[in-house]
>>> print(open('model01.cif').read())   # mmCIF, C-alpha atoms (C1' of nucleotides)
data_protein
loop_
_atom_site.label_atom_id
_atom_site.label_comp_id
_atom_site.auth_asym_id
_atom_site.auth_seq_id
_atom_site.Cartn_x
_atom_site.Cartn_y
_atom_site.Cartn_z
CA MET A 1 -71.26 -33.25 170.58
CA ASP A 2 -68.30 -35.27 169.56
CA GLN A 3 -66.11 -36.51 172.37
CA ALA A 4 -63.15 -35.84 170.18
CA THR A 5 -64.03 -32.19 170.12
CA LEU A 6 -64.04 -31.77 173.86
CA THR A 7 -60.47 -32.54 174.62
CA LEU A 8 -59.20 -30.41 177.45
CA ARG A 9 -61.70 -27.75 176.57
CA GLY A 10 -62.80 -25.51 179.37
CA ARG A 11 -60.54 -27.06 181.96
CA LEU A 12 -57.55 -25.02 180.99
CA GLN A 13 -57.96 -21.63 182.48
CA PRO A 14 -54.26 -21.20 183.16
CA ARG A 15 -53.37 -21.77 179.54
CA ASP A 16 -51.66 -18.42 179.38
CA ALA A 17 -49.83 -19.09 182.64
CA TRP A 18 -46.56 -19.70 180.88
CA GLN A 19 -46.53 -16.40 179.13
CA ALA A 20 -44.23 -15.51 182.00
CA THR A 21 -41.98 -18.55 181.96
CA GLY A 22 -42.32 -19.42 178.29
CA CYS A 23 -44.13 -22.32 176.71
CA PRO A 24 -41.81 -25.33 176.74
CA ILE A 25 -42.97 -26.41 173.30
CA ALA A 26 -42.13 -23.01 171.88
CA LYS A 27 -38.75 -23.07 173.58
CA ALA A 28 -38.08 -26.54 172.27
CA MET A 29 -39.09 -25.62 168.74
CA ASP A 30 -36.88 -22.56 168.89
CA VAL A 31 -33.97 -24.82 169.62
CA ILE A 32 -34.66 -27.79 167.33
CA GLY A 33 -37.56 -26.70 165.19
CA THR A 34 -36.41 -27.94 161.82
CA ARG A 35 -36.92 -31.11 159.89
CA SER A 36 -33.20 -31.59 159.42
CA ALA A 37 -32.51 -31.22 163.14
CA PHE A 38 -35.08 -33.89 163.97
CA LEU A 39 -33.67 -36.22 161.36
CA LEU A 40 -30.12 -35.66 162.51
CA MET A 41 -31.22 -36.57 166.03
CA ARG A 42 -32.90 -39.67 164.65
CA GLU A 43 -29.63 -40.63 163.03
CA ALA A 44 -27.73 -40.05 166.24
CA PHE A 45 -30.03 -42.55 167.92
CA TYR A 46 -29.43 -44.99 165.12
CA GLY A 47 -25.78 -44.91 165.92
CA THR A 48 -24.50 -42.54 163.28
CA THR A 49 -21.53 -40.53 164.51
CA ARG A 50 -19.65 -39.30 161.45
CA PHE A 51 -20.27 -36.11 159.59
CA ASP A 52 -20.67 -37.56 156.15
CA GLU A 53 -22.84 -40.41 157.38
CA PHE A 54 -25.19 -37.87 158.91
CA ALA A 55 -25.37 -35.93 155.68
CA ARG A 56 -25.84 -39.01 153.54
CA ARG A 57 -28.38 -40.84 155.67
CA VAL A 58 -30.47 -37.79 156.41
CA GLY A 59 -30.26 -36.72 152.81
CA VAL A 60 -29.13 -33.17 153.34
CA SER A 61 -26.24 -31.28 151.84
CA GLU A 62 -22.99 -30.90 153.73
CA PRO A 63 -23.53 -27.21 154.50
CA VAL A 64 -26.89 -28.00 156.06
CA ALA A 65 -25.50 -30.92 158.00
CA ALA A 66 -22.62 -28.77 159.21
CA SER A 67 -24.74 -25.90 160.47
CA ARG A 68 -27.42 -28.12 162.06
CA LEU A 69 -24.85 -30.33 163.79
CA LYS A 70 -23.09 -27.25 165.05
CA GLU A 71 -26.34 -25.90 166.45
CA LEU A 72 -27.19 -29.22 168.06
CA VAL A 73 -23.78 -29.23 169.74
CA GLU A 74 -24.17 -25.64 170.90
CA VAL A 75 -27.59 -26.36 172.32
CA GLY A 76 -26.26 -29.45 174.06
CA LEU A 77 -28.05 -32.33 172.38
CA LEU A 78 -24.85 -33.63 170.83
CA ARG A 79 -21.23 -33.41 171.82
CA ARG A 80 -18.05 -33.85 169.87
CA SER A 81 -15.60 -36.49 170.92
CA PRO A 82 -12.19 -37.17 169.42
CA TYR A 83 -11.48 -40.57 167.92
CA ARG A 84 -8.68 -41.99 165.85
CA GLU A 85 -8.73 -44.76 163.32
CA PRO A 86 -5.50 -46.71 162.79
CA GLY A 87 -3.23 -44.77 160.51
CA GLN A 88 -5.51 -41.78 160.42
CA ARG A 89 -5.33 -38.47 162.17
CA THR A 90 -7.61 -37.67 165.07
CA ARG A 91 -11.13 -36.64 164.15
CA ASP A 92 -14.31 -35.80 165.99
CA GLU A 93 -17.48 -37.78 166.13
CA TYR A 94 -20.91 -36.63 167.26
CA LEU A 95 -22.36 -38.35 170.27
CA LEU A 96 -25.60 -37.96 172.15
CA THR A 97 -25.49 -36.13 175.45
CA GLU A 98 -27.91 -36.92 178.26
CA MET A 99 -30.02 -34.02 177.04
CA GLY A 100 -29.95 -35.57 173.60
CA GLU A 101 -30.90 -39.02 174.84
CA ASP A 102 -33.78 -37.54 176.72
CA PHE A 103 -35.12 -36.28 173.42
CA PHE A 104 -35.85 -39.80 172.26
CA PRO A 105 -39.43 -40.01 173.53
CA THR A 106 -40.32 -37.07 171.32
CA LEU A 107 -38.92 -38.85 168.29
CA ALA A 108 -40.63 -42.08 169.29
CA ALA A 109 -43.94 -40.28 169.66
CA LEU A 110 -43.56 -38.65 166.28
CA MET A 111 -42.57 -41.96 164.75
CA GLN A 112 -45.60 -43.66 166.24
CA TRP A 113 -47.90 -40.94 165.01
CA GLY A 114 -46.39 -40.90 161.53
CA ASP A 115 -46.59 -44.66 161.26
CA ARG A 116 -50.22 -44.66 162.18
CA TRP A 117 -51.46 -41.71 160.16
CA LEU A 118 -49.07 -41.29 157.27
CA GLY A 119 -48.53 -44.90 156.33
CA ARG A 120 -46.64 -47.74 157.92
CA SER A 121 -42.92 -47.80 157.53
CA GLY A 122 -40.85 -50.93 157.24
CA VAL A 123 -39.35 -50.77 160.69
CA GLU A 124 -40.46 -50.68 164.29
CA LEU A 125 -39.01 -50.24 167.74
CA ARG A 126 -38.86 -53.19 170.09
CA HIS A 127 -37.81 -53.87 173.64
CA ASP A 128 -34.43 -55.58 173.63
CA ASP A 129 -35.19 -57.89 176.53
CA CYS A 130 -38.54 -59.32 175.60
CA GLY A 131 -38.72 -58.47 171.92
CA GLU A 132 -42.12 -56.87 172.15
CA ALA A 133 -43.06 -53.75 170.21
CA LEU A 134 -42.66 -50.37 171.84
CA HIS A 135 -45.13 -47.60 172.17
CA VAL A 136 -45.26 -44.18 173.77
CA GLU A 137 -47.85 -43.63 176.44
CA LEU A 138 -49.00 -41.10 178.97
CA ARG A 139 -48.99 -42.14 182.61
CA CYS A 140 -49.49 -40.30 185.84
CA GLU A 141 -47.33 -40.69 188.91
CA GLU A 142 -49.85 -43.18 190.25
CA GLY A 143 -49.15 -45.35 187.24
CA HIS A 144 -52.53 -44.94 185.57
CA ARG A 145 -52.61 -44.93 181.82
CA VAL A 146 -54.01 -41.56 180.89
CA ASP A 147 -56.07 -40.85 177.82
CA VAL A 148 -56.01 -37.53 175.99
CA GLY A 149 -59.47 -36.76 177.31
CA GLU A 150 -58.45 -37.10 180.94
CA ILE A 151 -55.79 -34.44 181.10
CA ALA A 152 -55.82 -31.11 182.88
CA LEU A 153 -53.31 -28.33 182.52
CA VAL A 154 -52.68 -26.69 185.86
CA GLU A 155 -50.26 -24.27 187.40
CA ARG A 156 -47.29 -26.14 188.72
CA ARG A 157 -47.66 -27.19 192.33
CA HIS A 158 -44.17 -28.15 193.37
CA PRO A 159 -41.64 -25.57 192.16
CA LYS A 160 -38.83 -28.08 192.27
CA GLY A 161 -41.03 -30.95 191.14
CA MET B 1 -16.88 -45.71 177.18
CA ASP B 2 -19.80 -43.68 178.24
CA GLN B 3 -23.10 -45.51 178.46
CA ALA B 4 -24.75 -42.47 177.01
CA THR B 5 -22.73 -42.88 173.86
CA LEU B 6 -23.86 -46.42 173.19
CA THR B 7 -27.53 -45.85 172.67
CA LEU B 8 -28.84 -48.17 170.01
CA ARG B 9 -25.43 -48.30 168.43
CA GLY B 10 -24.63 -51.36 166.45
CA ARG B 11 -28.00 -52.98 166.91
CA LEU B 12 -29.64 -51.12 164.09
CA GLN B 13 -28.60 -52.76 160.89
CA PRO B 14 -31.94 -52.13 159.20
CA ARG B 15 -31.72 -48.42 159.78
CA ASP B 16 -32.04 -47.80 156.09
CA ALA B 17 -34.95 -50.19 155.83
CA TRP B 18 -37.46 -47.40 155.49
CA GLN B 19 -35.78 -45.83 152.53
CA ALA B 20 -38.45 -47.78 150.66
CA THR B 21 -41.44 -46.91 152.83
CA GLY B 22 -40.22 -43.55 154.08
CA CYS B 23 -39.08 -42.59 157.55
CA PRO B 24 -42.16 -41.76 159.63
CA ILE B 25 -40.37 -38.89 161.33
CA ALA B 26 -39.50 -37.35 157.99
CA LYS B 27 -43.05 -37.81 156.78
CA ALA B 28 -44.39 -36.26 159.95
CA MET B 29 -42.04 -33.30 159.74
CA ASP B 30 -42.99 -32.78 156.11
CA VAL B 31 -46.57 -32.41 157.24
CA ILE B 32 -46.19 -30.41 160.45
CA GLY B 33 -42.58 -29.40 160.55
CA THR B 34 -42.90 -25.81 161.64
CA ARG B 35 -42.90 -24.08 164.96
CA SER B 36 -46.20 -22.37 164.26
CA ALA B 37 -47.91 -25.64 163.34
CA PHE B 38 -46.81 -27.22 166.61
CA LEU B 39 -47.99 -24.23 168.59
CA LEU B 40 -51.32 -24.13 166.80
CA MET B 41 -51.80 -27.79 167.69
CA ARG B 42 -50.93 -26.98 171.28
CA GLU B 43 -53.61 -24.32 171.26
CA ALA B 44 -56.14 -26.71 169.78
CA PHE B 45 -55.52 -29.00 172.76
CA TYR B 46 -55.95 -26.10 175.10
CA GLY B 47 -59.41 -25.62 173.75
CA THR B 48 -58.87 -22.77 171.33
CA THR B 49 -61.20 -23.01 168.34
CA ARG B 50 -61.46 -19.52 166.84
CA PHE B 51 -59.18 -18.04 164.22
CA ASP B 52 -58.24 -14.90 166.03
CA GLU B 53 -57.68 -16.72 169.31
CA PHE B 54 -55.25 -19.01 167.55
CA ALA B 55 -53.37 -16.09 166.09
CA ARG B 56 -53.32 -14.14 169.33
CA ARG B 57 -52.40 -16.96 171.70
CA VAL B 58 -49.75 -18.44 169.48
CA GLY B 59 -48.41 -15.02 168.71
CA VAL B 60 -48.34 -15.25 164.94
CA SER B 61 -49.74 -12.90 162.35
CA GLU B 62 -53.10 -13.59 160.74
CA PRO B 63 -51.62 -14.60 157.39
CA VAL B 64 -49.42 -17.17 159.09
CA ALA B 65 -52.29 -18.45 161.22
CA ALA B 66 -54.47 -18.67 158.14
CA SER B 67 -52.05 -20.65 156.03
CA ARG B 68 -50.97 -22.99 158.84
CA LEU B 69 -54.54 -23.69 159.92
CA LYS B 70 -55.46 -24.37 156.33
CA GLU B 71 -52.59 -26.83 156.01
CA LEU B 72 -53.52 -28.53 159.27
CA VAL B 73 -57.06 -28.97 157.99
CA GLU B 74 -55.88 -30.28 154.65
CA VAL B 75 -53.56 -32.76 156.31
CA GLY B 76 -56.35 -33.87 158.62
CA LEU B 77 -55.22 -32.80 162.08
CA LEU B 78 -57.97 -30.23 162.38
CA ARG B 79 -61.41 -29.97 160.89
CA ARG B 80 -63.75 -27.04 160.42
CA SER B 81 -67.13 -27.16 162.02
CA PRO B 82 -69.92 -24.61 161.69
CA TYR B 83 -71.21 -22.90 164.81
CA ARG B 84 -73.53 -19.99 165.44
CA GLU B 85 -73.59 -17.58 168.31
CA PRO B 86 -76.93 -15.99 169.17
CA GLY B 87 -77.61 -13.13 166.83
CA GLN B 88 -74.54 -13.85 164.75
CA ARG B 89 -74.15 -15.48 161.39
CA THR B 90 -72.78 -18.98 161.08
CA ARG B 91 -69.02 -19.27 161.34
CA ASP B 92 -66.49 -22.08 161.40
CA GLU B 93 -64.40 -23.22 164.28
CA TYR B 94 -61.32 -25.46 164.22
CA LEU B 95 -61.61 -28.75 166.06
CA LEU B 96 -59.23 -31.62 166.58
CA THR B 97 -59.77 -34.74 164.54
CA GLU B 98 -58.83 -38.17 165.82
CA MET B 99 -55.59 -37.81 163.90
CA GLY B 100 -55.05 -34.52 165.65
CA GLU B 101 -55.79 -35.90 169.09
CA ASP B 102 -53.37 -38.69 168.47
CA PHE B 103 -50.67 -36.08 168.02
CA PHE B 104 -50.87 -35.14 171.68
CA PRO B 105 -48.19 -37.54 172.94
CA THR B 106 -45.68 -35.84 170.67
CA LEU B 107 -46.52 -32.48 172.16
CA ALA B 108 -46.43 -33.90 175.65
CA ALA B 109 -43.03 -35.42 175.01
CA LEU B 110 -41.70 -32.15 173.67
CA MET B 111 -43.20 -30.30 176.61
CA GLN B 112 -41.59 -32.69 179.05
CA TRP B 113 -38.23 -32.36 177.35
CA GLY B 114 -38.42 -28.58 177.16
CA ASP B 115 -39.42 -28.31 180.78
CA ARG B 116 -36.51 -30.41 181.89
CA TRP B 117 -33.77 -29.00 179.70
CA LEU B 118 -34.78 -25.49 178.78
CA GLY B 119 -36.18 -24.30 182.07
CA ARG B 120 -39.33 -25.09 183.99
CA SER B 121 -42.51 -23.47 182.88
CA GLY B 122 -45.29 -22.41 185.16
CA VAL B 123 -47.73 -25.14 184.18
CA GLU B 124 -47.87 -28.89 184.14
CA LEU B 125 -50.14 -31.66 182.94
CA ARG B 126 -52.06 -33.72 185.44
CA HIS B 127 -54.36 -36.70 185.43
CA ASP B 128 -57.91 -35.51 185.92
CA ASP B 129 -58.98 -38.44 188.07
CA CYS B 130 -56.20 -38.64 190.62
CA GLY B 131 -54.57 -35.27 190.19
CA GLU B 132 -51.09 -36.68 189.78
CA ALA B 133 -48.57 -35.25 187.33
CA LEU B 134 -48.31 -36.76 183.88
CA HIS B 135 -45.29 -37.99 182.06
CA VAL B 136 -44.55 -39.63 178.75
CA GLU B 137 -42.95 -43.03 178.83
CA LEU B 138 -41.91 -45.86 176.60
CA ARG B 139 -43.47 -49.25 177.24
CA CYS B 140 -43.45 -52.52 175.38
CA GLU B 141 -46.51 -54.66 174.78
CA GLU B 142 -45.56 -56.70 177.82
CA GLY B 143 -45.93 -53.58 179.91
CA HIS B 144 -42.26 -53.15 180.78
CA ARG B 145 -40.95 -49.66 181.12
CA VAL B 146 -38.26 -49.36 178.49
CA ASP B 147 -35.20 -47.20 178.79
CA VAL B 148 -33.54 -45.56 175.82
CA GLY B 149 -30.65 -47.97 176.09
CA GLU B 150 -32.85 -51.05 175.76
CA ILE B 151 -34.37 -50.36 172.37
CA ALA B 152 -33.80 -52.13 169.10
CA LEU B 153 -34.94 -51.02 165.69
CA VAL B 154 -36.05 -53.99 163.63
CA GLU B 155 -37.86 -54.69 160.43
CA ARG B 156 -41.55 -54.84 161.10
CA ARG B 157 -42.80 -58.32 161.87
CA HIS B 158 -46.55 -58.07 161.56
CA PRO B 159 -47.51 -56.14 158.45
CA LYS B 160 -50.87 -55.23 159.89
CA GLY B 161 -49.47 -54.86 163.42
"C1'" DC C 1 -12.98 -37.56 155.64
"C1'" DA C 2 -14.74 -33.30 157.60
"C1'" DG C 3 -16.01 -29.57 156.74
"C1'" DG C 4 -16.06 -23.98 155.08
"C1'" DA C 5 -17.30 -20.44 151.31
"C1'" DT C 6 -20.30 -18.87 148.05
"C1'" DC C 7 -24.49 -18.46 145.46
"C1'" DC C 8 -29.20 -19.21 144.71
"C1'" DC C 9 -34.04 -20.59 145.61
"C1'" DT C 10 -38.02 -21.33 148.48
"C1'" DA C 11 -40.58 -21.32 152.66
"C1'" DA C 12 -41.63 -19.21 157.19
"C1'" DG C 13 -43.14 -15.42 159.20
"C1'" DG C 14 -44.14 -10.24 160.34
"C1'" DA C 15 -46.64 -5.76 159.06
"C1'" DT C 16 -50.13 -3.35 157.06
"C1'" DA C 17 -54.26 -2.81 154.71
"C1'" DC C 18 -58.54 -4.48 153.11
"C1'" DT C 19 -63.19 -7.53 152.72
"C1'" DG C 20 -67.51 -10.50 153.69
"C1'" DC D 1 -64.98 -11.97 163.57
"C1'" DA D 2 -62.55 -14.42 160.07
"C1'" DG D 3 -60.05 -14.13 157.10
"C1'" DT D 4 -57.29 -12.32 152.04
"C1'" DA D 5 -53.88 -9.53 149.57
"C1'" DT D 6 -49.56 -7.46 149.28
"C1'" DC D 7 -44.92 -6.58 150.52
"C1'" DC D 8 -40.92 -7.45 153.01
"C1'" DT D 9 -37.12 -9.91 155.76
"C1'" DT D 10 -34.99 -13.93 157.38
"C1'" DA D 11 -34.02 -18.74 157.75
"C1'" DG D 12 -33.87 -23.43 155.72
"C1'" DG D 13 -31.86 -25.91 152.37
"C1'" DG D 14 -29.58 -27.39 147.73
"C1'" DA D 15 -25.47 -27.10 144.50
"C1'" DT D 16 -20.90 -26.33 143.55
"C1'" DC D 17 -16.31 -25.58 144.64
"C1'" DC D 18 -12.55 -25.46 147.74
"C1'" DT D 19 -9.42 -26.71 152.03
"C1'" DG D 20 -7.03 -29.07 156.09
#
>>> encode(input="model01.cif", output="structure tokens")
Amino acid sequence: MDQATLTLRGRLQPRDAWQATGCPIAKAMDVIGTRSAFLLMREAFYGTTRFDEFARRVGVSEPVAASRLKELVEVGLLRRSPYREPGQRTRDEYLLTEMGEDFFPTLAALMQWGDRWLGRSGVELRHDDCGEALHVELRCEEGHRVDVGEIALVERRHPKG
Amino acid sequence: MDQATLTLRGRLQPRDAWQATGCPIAKAMDVIGTRSAFLLMREAFYGTTRFDEFARRVGVSEPVAASRLKELVEVGLLRRSPYREPGQRTRDEYLLTEMGEDFFPTLAALMQWGDRWLGRSGVELRHDDCGEALHVELRCEEGHRVDVGEIALVERRHPKG
DNA sequence: CAGGATCCCTAAGGATACTG
DNA sequence: CAGTATCCTTAGGGATCCTG
């Protein structure tokens, strides 16, 4: 029996427990479940704020960029903020909200996975201060690094966490 | 100027650097960019291995389950393994590969985000050993916890990392 | 520059029925 | 139980053209 085949198995009786409250992954994917939404969020983290930059860098058409950005604003991951360049009229730029910033670990995890399994890209994330490479990891409140094989899914203990 | 608006901004000159090698997020989303694929992977982590369990628990129709599972096997996140129940003929079950297991942090990150911003679900992940709640975090090789505001995107230094 | 309007194509996904 | 086949609807996304 392969260790890799035993992950979580049999220790997850309450795996239907969220049928009542809704699986958070399903809820998340309902809200930002498209490739273009993920890539627009990536761009937001890379500092892109202007409509046409989003469209160009992500490589989607303007109509797609427009509807995705609108959805991301409605959902609350981005917000519009007025700005004015000298001699120009006031326009809006798209900025990350706190909810949007908090989405970064998901992108980082996906980036890490893609880099490892779908071929290395030419860039990597590093810690500003010390210059060392970043990675995403699972830790418990006690600070232990947790491996995929050491995880249990349980009914939530503290309602307000 | 809102701190939340400054994330990564201006420190990401090489943000087009992967136009050559391909953005890992885009590659990942090309491979598993659908809601049903994410949810099927969730189920695989929860120990589901049988076709009809996948379809039922994820809440998708058999045709959708069939085509997604097939894609996930082709891509390499799942593999088929023969099993036999007493008195039954041999069948296949779907098991996580190493590539599939390595996808867990992405799901955990999405789960964490969804739980925080889209309403708490009734379940949570915990560390088997100590029983404490899990979370996803960003760390550098030096072991520092890294906040979203302290990240730089740079061209990769060590080609074989 | 920042979109909206329109048209078209393809992919995601549900429903039903059928097979080894 | 583990799918396939068929049909249908909707959503994602591209292309082109137009507007404030």
>>> resolve_selection(input="model01.cif", expression="the PyMOL selection byres ((chain D) within 10 of (chain A))", output="ChimeraX atom specification")
/D:12-15
>>> resolve_selection(input="model01.cif", expression="the PyMOL selection byres ((chain C and resi 16) around 12)", output="number ranges by chain")
B: 61-63; C: 14-15, 17-18; D: 5-8
>>> closest_residue(input="model01.cif", among="B:Val123, B:Leu134, B:Ile32, B:Val75", to="Leu153 (chain A)", atoms="only C-alpha atoms")
B:Val123
>>> residues_around(input="model01.cif", residues="DA5 (chain C)", least_positions_apart="2", cutoff="12 Å", atoms="all atoms listed in the file", output="number ranges by chain")
A: 63; C: 3, 7; D: 16-19
>>> closest_residue(input="model01.cif", among="A:Gly22, A:Gly47, A:Gly59, A:Gly33", to="chain C", atoms="only C-alpha atoms (C1' of nucleotides)")
A:Gly33
>>> atom_distance(input="model01.cif", atom1="CA of Arg56 (chain A)", atom2="CA of Leu107 (chain B)")
28.6 Å
>>> closest_residue(input="model01.cif", among="A:Cys23, A:Pro86, A:Arg79, A:Arg91", to="chain C", atoms="only C-alpha atoms (C1' of nucleotides)")
A:Arg91
>>> resolve_selection(input="model01.cif", expression="the PyMOL selection byres ((chain A) within 8 of (chain C))", output="list in words")
Phe51, Asp52, Glu62 and Ala66 of chain A
>>> residues_around(input="model01.cif", residues="Ala152 (chain B)", least_positions_apart="5", cutoff="6 Å", atoms="only C-alpha atoms (C1' of nucleotides)", output="MDAnalysis selection string")
chainID A and resid 125:126 128
>>> atom_distance(input="model01.cif", atom1="CA of His135 (chain A)", atom2="CA of Leu77 (chain B)")
20.6 Å
>>> atom_distance(input="model01.cif", atom1="CA of Leu72 (chain A)", atom2="CA of Ala37 (chain A)")
7.5 Å
>>> closest_residue(input="model01.cif", among="B:Phe54, B:Ala44, B:Glu141, B:Lys70", to="chain A", atoms="all atoms listed in the file")
B:Glu141
>>> closest_residue(input="model01.cif", among="A:Gly100, A:Gly149, A:Met29, A:Glu93", to="chain B", atoms="only C-alpha atoms")
A:Met29
>>> closest_residue(input="model01.cif", among="A:Glu53, A:Asp92, A:Glu71, A:Glu98", to="chain B", atoms="only C-alpha atoms")
A:Glu98
>>> axis_aligned_box(input="model01.cif", around="region 2-12 of chain C", padding_each_side="3 Å", output="JSON")
{"center_x": -28.2, "center_y": -25.9, "center_z": 151.2, "size_x": 32.9, "size_y": 20.8, "size_z": 18.9}
>>> residues_around(input="model01.cif", residues="His127 (chain A)", least_positions_apart="2", cutoff="7 Å", atoms="all atoms listed in the file", output="VMD selection string")
(chain A and resid 129 to 134) or (chain B and resid 140 146 150 to 152)
>>> decode(input="model01.cif", residues="chain D", atoms="N, CA and C atoms (P, O5', C5', C4', C3', O3' and C1' of nucleotides)", output="compact mmCIF listing (two decimals), in the first residue's frame")
# COMPACT_ATOMS: atom_id res chain seq x y z
P DC D 1 -23.21 0.94 -5.87
O5' DC D 1 -22.48 0.02 -6.94
C5' DC D 1 -21.23 -0.62 -6.67
C4' DC D 1 -20.41 -0.59 -7.93
C3' DC D 1 -19.85 0.80 -8.28
O3' DC D 1 -18.45 0.66 -8.42
C1' DC D 1 -20.93 -0.20 -10.17
P DA D 2 -17.58 1.96 -8.62
O5' DA D 2 -17.53 2.14 -10.20
C5' DA D 2 -16.86 1.14 -10.96
C4' DA D 2 -16.94 1.48 -12.42
C3' DA D 2 -16.60 2.95 -12.75
O3' DA D 2 -15.78 2.99 -13.91
C1' DA D 2 -18.66 2.40 -13.67
P DG D 3 -14.90 4.34 -14.15
O5' DG D 3 -16.00 5.46 -14.47
C5' DG D 3 -16.08 5.97 -15.77
C4' DG D 3 -16.95 5.08 -16.65
C3' DG D 3 -17.37 5.73 -17.96
O3' DG D 3 -16.38 5.51 -18.94
C1' DG D 3 -19.11 4.40 -16.98
P DT D 4 -16.25 6.60 -20.11
O5' DT D 4 -17.26 6.21 -21.29
C5' DT D 4 -17.75 4.91 -21.42
C4' DT D 4 -18.73 4.88 -22.60
C3' DT D 4 -18.68 6.03 -23.60
O3' DT D 4 -18.96 5.53 -24.89
C1' DT D 4 -20.78 6.04 -22.54
P DA D 5 -18.99 6.53 -26.16
O5' DA D 5 -20.52 6.91 -26.37
C5' DA D 5 -21.54 5.92 -26.23
C4' DA D 5 -22.85 6.49 -26.75
C3' DA D 5 -22.71 7.68 -27.69
O3' DA D 5 -23.70 7.61 -28.71
C1' DA D 5 -23.93 8.34 -25.76
P DT D 6 -23.73 8.69 -29.89
O5' DT D 6 -24.90 9.66 -29.43
C5' DT D 6 -26.10 9.10 -28.88
C4' DT D 6 -27.04 10.20 -28.44
C3' DT D 6 -26.91 11.51 -29.22
O3' DT D 6 -28.19 11.89 -29.72
C1' DT D 6 -26.91 11.92 -26.89
P DC D 7 -28.34 13.20 -30.65
O5' DC D 7 -28.95 14.27 -29.62
C5' DC D 7 -30.05 13.88 -28.79
C4' DC D 7 -30.36 15.01 -27.82
C3' DC D 7 -30.27 16.40 -28.45
O3' DC D 7 -31.47 17.13 -28.22
C1' DC D 7 -29.05 16.29 -26.42
P DC D 8 -31.64 18.58 -28.88
O5' DC D 8 -31.46 19.56 -27.63
C5' DC D 8 -32.21 19.34 -26.44
C4' DC D 8 -31.61 20.14 -25.30
C3' DC D 8 -31.36 21.61 -25.65
O3' DC D 8 -32.35 22.43 -25.05
C1' DC D 8 -29.54 20.62 -24.43
P DT D 9 -32.22 24.05 -25.28
O5' DT D 9 -31.39 24.57 -24.02
C5' DT D 9 -31.68 24.08 -22.71
C4' DT D 9 -30.78 24.76 -21.71
C3' DT D 9 -30.61 26.27 -21.95
O3' DT D 9 -30.70 26.95 -20.71
C1' DT D 9 -28.49 25.20 -21.98
P DT D 10 -30.53 28.56 -20.71
O5' DT D 10 -29.05 28.78 -20.15
C5' DT D 10 -28.64 28.06 -18.98
C4' DT D 10 -27.15 28.28 -18.75
C3' DT D 10 -26.72 29.75 -18.81
O3' DT D 10 -25.90 30.00 -17.68
C1' DT D 10 -25.38 28.45 -20.24
P DA D 11 -25.44 31.51 -17.34
O5' DA D 11 -23.85 31.39 -17.34
C5' DA D 11 -23.24 30.18 -16.86
C4' DA D 11 -21.80 30.15 -17.31
C3' DA D 11 -21.13 31.52 -17.27
O3' DA D 11 -19.79 31.34 -16.82
C1' DA D 11 -21.04 30.66 -19.46
P DG D 12 -18.80 32.61 -16.69
O5' DG D 12 -17.69 32.26 -17.77
C5' DG D 12 -16.99 31.02 -17.65
C4' DG D 12 -16.00 30.91 -18.79
C3' DG D 12 -15.09 32.12 -18.92
O3' DG D 12 -13.77 31.65 -19.18
C1' DG D 12 -16.29 31.79 -20.95
P DG D 13 -12.58 32.70 -19.20
O5' DG D 13 -12.53 33.12 -20.71
C5' DG D 13 -12.25 32.15 -21.71
C4' DG D 13 -12.42 32.74 -23.08
C3' DG D 13 -11.78 34.13 -23.27
O3' DG D 13 -10.78 34.03 -24.27
C1' DG D 13 -13.91 34.00 -24.25
P DG D 14 -9.90 35.28 -24.62
O5' DG D 14 -10.23 35.44 -26.17
C5' DG D 14 -10.07 34.32 -27.03
C4' DG D 14 -10.55 34.68 -28.41
C3' DG D 14 -10.00 36.00 -28.95
O3' DG D 14 -9.57 35.83 -30.30
C1' DG D 14 -12.37 36.07 -28.97
P DA D 15 -8.89 37.08 -31.04
O5' DA D 15 -10.11 37.75 -31.82
C5' DA D 15 -10.98 36.94 -32.59
C4' DA D 15 -11.81 37.84 -33.52
C3' DA D 15 -11.13 39.17 -33.87
O3' DA D 15 -11.33 39.46 -35.24
C1' DA D 15 -13.17 39.60 -32.75
P DT D 16 -10.65 40.79 -35.84
O5' DT D 16 -11.89 41.74 -36.13
C5' DT D 16 -13.20 41.19 -36.28
C4' DT D 16 -14.23 42.30 -36.16
C3' DT D 16 -13.67 43.70 -36.44
O3' DT D 16 -14.47 44.35 -37.42
C1' DT D 16 -14.88 43.69 -34.41
P DC D 17 -14.04 45.82 -37.94
O5' DC D 17 -15.14 46.75 -37.25
C5' DC D 17 -16.50 46.30 -37.15
C4' DC D 17 -17.27 47.21 -36.20
C3' DC D 17 -16.93 48.70 -36.34
O3' DC D 17 -18.13 49.45 -36.53
C1' DC D 17 -16.86 48.02 -34.07
P DC D 18 -18.06 51.04 -36.67
O5' DC D 18 -18.53 51.57 -35.24
C5' DC D 18 -19.76 51.12 -34.68
C4' DC D 18 -19.90 51.62 -33.25
C3' DC D 18 -19.66 53.14 -33.10
O3' DC D 18 -20.71 53.71 -32.34
C1' DC D 18 -18.32 51.93 -31.57
P DT D 19 -20.79 55.33 -32.17
O5' DT D 19 -20.43 55.57 -30.65
C5' DT D 19 -21.33 55.18 -29.61
C4' DT D 19 -20.72 55.52 -28.26
C3' DT D 19 -20.42 57.01 -28.05
O3' DT D 19 -20.81 57.36 -26.74
C1' DT D 19 -18.49 55.72 -27.63
P DG D 20 -21.43 58.85 -26.46
O5' DG D 20 -20.73 59.32 -25.11
C5' DG D 20 -20.83 58.56 -23.92
C4' DG D 20 -19.62 58.82 -23.05
C3' DG D 20 -19.25 60.32 -22.95
O3' DG D 20 -18.89 60.61 -21.60
C1' DG D 20 -17.39 59.05 -23.71
